[in-house]
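Inspection log for the structure reproduced underneath, given as C-alpha cells.
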Amino acid sequence: AGPRGRYQRPGPSLPPPGSALSPATSQAASRAEQRSSGRRTMPEPKKPVKASPQPEQAQVAAEPQTELPEDDVADQTQHQLTGLFTLKPPDTLCVQMGSALTLIAKVDATALVKKPSIKWIKGKWLDLKSKAGSVYQFKEEFDSKTKVYTFEMKIVKADKTTAGAYRCEVTSKDQCDSAAFNIDVEATEQTADNLLTSFKRTGEAGEDAGELDFSGLLKKRETKDVSAPAEEVDVWEILKNAKPCDFEKIAFQYGITDLRGMLKRLKKKKRVEKKTDSFTKKLEAAYQVDKGGKIRMSIELGGPNMEVKWLKNGKEIRPSGRYIFEMVGLKRVLTIKNCTLADDAEYECVIGEDKCTADLFVREPPVVIIVPLDDQHVYVEDRVEFDCEVSEEGAVVVWSRNGVDLTRDEALKFRIKKDGKKHFLIINEVTKEDAGRYKIKTNGGESEADLIVEDKVLEVLQSFADLTLKAQEQAVFKCEVSDDKVTGKWLKNGMEVIPSKRIHITHKGRIHKLVIDDITPDDEADYTFIPNGYALSISAKLNFLEIKIDYVPRQEPPKIHLDCTGTVVSQNTIVVVAGNKLRLDVDISGEPPPEVIWFKSDQEITETDGRCHIETKECHSSFVVEGALREDEAKYNIVVKNPAGEDKAVILVKVVDVPDPPENVKITGIGDDWCTAAWDVPKFDGGQPLTGYLLERKKKTSMRWMKLNFEPLQATQFTATRMIEGCQYEMRVFAMNGIGLSPPSISSRTFMPIGTTSEPTHLIVDDVTDTTTTLKWRMPEKIGPGGLDGYLIEYAKEGSDEWTVANTILVERLGYTVRDLPTGEKINFRVRAVNIAGKSPPAMLGQPVTIREIVQHPKIWLPRKLRQTYIKKVGQQINIMIPFQGKPRPQVTWKKDGQPLDTSQASVRNSEVDTIFFVRRAERSHSGVYELSVQIENLIDTVSVKIRVVEKPQPPQTLKITDVWGFNAGIEWTPPKDDGNSEIIGYTIQKADKKTMEWFTVYEHNRKPSCTISDLIMGNEYYFRVFSENICGLSDKPNVSKNTAFIQKESKNYVRPPYKEHDFSHAPKFTQPLVNRSVVAGYSTKLSCSVRGFPKPKIVWMKNKVMIGEDPKFLMKHNQGVLTLQIRKPSSFDGGNYTCKAINDLGEDEVECKLEVRVPQ
C-alpha cells in the first residue's frame, strides 16, 4: 500500500466512523467520548457476570437530544435518541474460551412508523454483519401479536479476539437507541501437545485401520500462540520508536487504516494548543468518516459577532449542496455530506488571527466475501479451479493451504488470477500432495474449502467379443473406456499391430477401434487392446471360417450352426450388458437354401430395419439388437425349412444392467459431528449380485457432493463422521454390481448434526425435610448449537436401578424440590440436561440422601449496622430486615421497651428465614429499644436493637453582645431547649450591617456557646444571629441579637507611592531551537521554534542560506512568538539546511536545523 493505502483491519486504535480520532479510548457504555492528551488506555473493566442464554430484562430510557451533537459524534443521519429497547444485553458478560454465546435485544415497534434496523458493532466502528458466517450468526424474528422485534447475535466459538467492547444500535427513521456492553473471555486449561498423537492412522474404522501418516509429520504447520493475552500496548510509543521501514507492518498489526494520517497525529500529539479568546472549544485533532457518509465538525466561539472562515488545505470553502454551514448560538458547525476520498484533507477554522486545524480521514469500507469457496473432489492430473467473489474490485487477498500462505516460490504449481471482483486459484495438474484445506482471506472476512484428490480408475464401458468371419469379410473390434484422454495399443498374438492400407486403428473420444478389411487365414489370432498407464487389457479371438463347396447332387436337410457376440453362460443362454449391441449370427446349411423364421416368445419377428431387425444373406441369418434393453430379455426361436426337412434352435438372451437406486434413505442417528444413515436395497439388482454401496454427502447450500467411502459398503447403514456441528447436510446412496454404478438415490431429508449437552455441574443438596429434597446445580459446560430446553430430575432408592422421573415438565431454572419422598429412605438423585438431540449424561450426587427433617437451633444473624444505635430522621422510612435460622420454623416475637409491640405503630412481616420491621413514616415516638426473640420449643435466641428518630434542633436562647472593642465584638448564648433528640454538634454565627441587613456567615460548627467576631468595618453598626446544628442540619430559625455593636471610626491620610513604568525592550532570542528532522517524501511536515523580543522582531526563513520567498510550497506562520514553516508534500529536492533569523532594533538571533527527505523503496 502507498501513502494512502488502507488495510481496513479492525484494531484498537480507530474510533467509529464519523467520530473524532482522540488519543484516548472512550468508555463503551457512554455516547459522549472523553478526551485526554496522555497514553492510550482501555476503559476500566466492570465486575464480570456469567453469560446466560437469556439475558436479564432491563428497561432503559434516554432523554431526547434537543441540542446539536457533540463534535466528536458525527452520525450518518440526524436521529433523536429515544428508549426503543425493551430488552438489551447486560453491561458485562463473561464466557469461557471455546464456548458459544448468544446475545438478544428486543425492540417494541408499536409506536414506530418504519421497521427498525439494527447494527452489532465491535470496538468503535467494526460492523459485525460483514463477518457473518462461521463465527458470527445473526437472527431476526417478529411477533405480530405484541409488535416486538427480536434480534439475536450468536458467537459460535469464543476465542481471545472475541473479548472487547461491543455496541448494539437500533434506528427507525428519525429515532435511535444504543446499548453498550463488554465481553470478557476466560482462558481454559490447555494440555501440552503430545508428539505421539501425530502418529495417527489415516483410516476411520478403528485404531488399527489405515496407514501411519508419517508424511504429515514433515509438513509445514502453522504455529499456535498459546501464551497469555498481551497487555494493552501504546501504539503511539511503538510508532515513535520504530524505524520508518516498519510503519506499514505496525499499521497492519494494530489496525491503523491510514498510515499518513497516523504519522500526522503522532506529530500533532506533541503540539500544545494555546488558549485564545476567540475559541472556547476548538476542533479535534482529527476526524474519521466512512466513504459516502456525513461528518460534522464544530467549534464554539468566545463571543458573538465573530466572522468565521473555513479552509480546506488553505483554500476557503464556499457553501454548497455538500458543504453546509450552521450557526446555533455561539456554536459554528461545518457539515460535509457524501464524503469522497477528495475530502481527505486538512481543515482550518479561522477567526481573525486565531485558528484551529483538524485532519479528516475518509475510510473505505472493509472488503467482505460475497460468494464463498466450494469444496472440490477431483482425480489426479485433473484441473482444479477455486473461485471466490469479494465486495470490491482490485482487493488484496491472501491464499493459504493448511494454514500456510502460498508464496511466489509456488507460482509454477499454483496460478492466482483476478477478474474484477472475482479471484481464482488454479491448479492445472493436481496431485495427491495438493489435497488439503484452502483458505482465502481479506481484511473483512475469510472462506475455506476442502480439496480431495483420488487416483484415477479406468472403467471399461463396452468390450468386444470373439469373431468368426469368412474370407473377404471385414473384422471390427471396438471397445469404450471411461476416459476420453486415454491412449493405447493393439496387439496380435502379443505383437503390436502396425496400421496399413488393410488394417486401420482409430481413436475417437472414449471409443477405440481396430478394423481389418478382406480378412485372410493369416489374420486368425488373439487380438488385445492395452490402455497406456493402466494394468488393464481387453482380448478377443478372430476365427477364420473356411468354406468348402462340395457338389452334392442330392438334397440336404437344413442345419443351424450357432455363433454370437455375447457372453455364453450356458449352452443356450447368452448374457449381454444393457446398452451394448447384441448380434445373433446363425450359419445355415441345406440344399436347396432353406427359409429362416425368427420368433421372440412365440411371436414372429419380421422387421428388417430399426433397433431390432433381421439381416439375411445366402446361408447366413443374423438377429441384431442395437443397444440392448431390459425388455429384450426373452427366449428366441429360429426355424429353418426346405423340402428336405427343417431344423430348430432355442436361444435364451439375458440382459444385465446396473441396479436401480437404493430406496428410502433416512437418517437414523445424529451426534455432534456424526450421523447414521440407513436405506433399503434396490427393487432390481440389474440381473447381477450387488457388490456394495457408495455414499455421498453435501452441504445444503452447496452443489458439490463428496464421497464418504471409496470401498463398496456391504451393509445397508453407514455412520459418517467429521461433520460440522450446526451445518445442514443431505446424503444420497449408490448401489453397485458387476456391471457398474446405479443412478443416485433420492436425497435424504435435510439434517443437522447436533450433539447433546454435557452433564450439569455442581449438583448439591440445598434442603431436606421429612418428605422433600431441594436440589441445586449449575449449567453444563458445553451446550452447543442445539441449545438447552430444560432439565430432567430422576431419583431411585439406594441399591435399585429403577429411576423415577420427578418432573413431568422440563425445569428451566437451576433448582428443583422433589416432593412426596418416603421418610427415612436413602435416595439417589441425578439430573440430566435435555435439548433437541436428546438427554445428556447424568450428573449424580456422590452419596445417597436420607429423607428426614434436619433440626437446627434458632440463631439470629444481626446485621452489623444494627449492632449500634440505628438513627433515622423524622419522616423517613424505617425498613429493617434481620435474618435468622432454625428448623422447624421458629416463632418470632417483637417487643419495645419490654412491652409487646403495638402493630398500629409499626408493621412486622415474618418468613422462614428472616423478619422485616417496617415504619412508613418515622416519628420521635418510635425511638426506643426493640427486642427480637426467635423460639423453637424450649430453645430461644434474643437480640436488642436501639432505634433513635431525630429532627432539627430549636434555635439557641438568650443571645446577647457582651463587649465591643476596636474592630471586635464578643457575643454569648445558651443552648436550645430541644436538641432534636440528637447531640448539638455546633453553632453557625452570622453578621449583618444595619444599613443593608445582608447576612454573612462568620463561623460554622462553633462548639462553644460564645465567640469573638473580628475584622469588623470601622464606622458600621452590626446585628448578629446564631443557628444551632445537629446531625439533621441547622435549626429552621436563628436567634437574633436585640442590641447592636457599633465600631468607632478613626481618621487616616493615605499617601500614594511613586510609580515607575517597566521597560520591556529586549533583543531577539530564541527560546526553543529548530530540531533536525527526517521525513518521508510526499508527507507534509512542519519546522517549529519560538522567539522572544520587543519590539516584535522581523522573521526571515532561509534554505541553504538562501531566503525563501513567496513560494506556495512553503507556508510561514508567526503566532505569539511561535514560528512555524510548513512544507507541503516535500520531495528529495527539499532537503537541506533551514535557518530562521529574528531581527529588531536591539539585535538579531538565528537557529538552524537539517531536514532529510527519504524516498520510500
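Note on naming: chains are A, B, ... as they come in the C-alpha cells, residues start from 1 per chain, ligands start from 1 in the order shown.
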
### Query
Would you give me, as a PyMOL selection string, the residues in range 121-191 of chain A that DSSP reads as strand (DSSP E or B)?
chain A and resi 121-122+126-127+132+136-143+148-155+164-172+175-186

### Message
So that I can check the surroundings of range 484-489 of chain A, please list as a VMD selection string every protein, DNA and RNA residue that reaches within 9 Å of it, counting only C-alpha atoms and ignoring chain neighbours fewer than 4 positions away.
### Response
chain A and resid 458 480 496 to 497 507 to 512 528 to 533

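Candidate residues A:Val113, A:Leu101, A:Cys1032, A:Val639 were compared for distance to Ile183 in chain A, and the nearest is A:Leu101, using only C-alpha atoms.
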
## Note on the structure
Expressed in Å, the length from CA of Asn938 in chain A to CA of Pro883 in chain A is 20.3 Å

### Task
May I have the residues within 7 Å of Val1079 in chain A as JSON, numbers by chain, using only C-alpha atoms and disregarding those fewer than 3 positions away in the same chain?
{"A": [1156, 1157, 1158]}
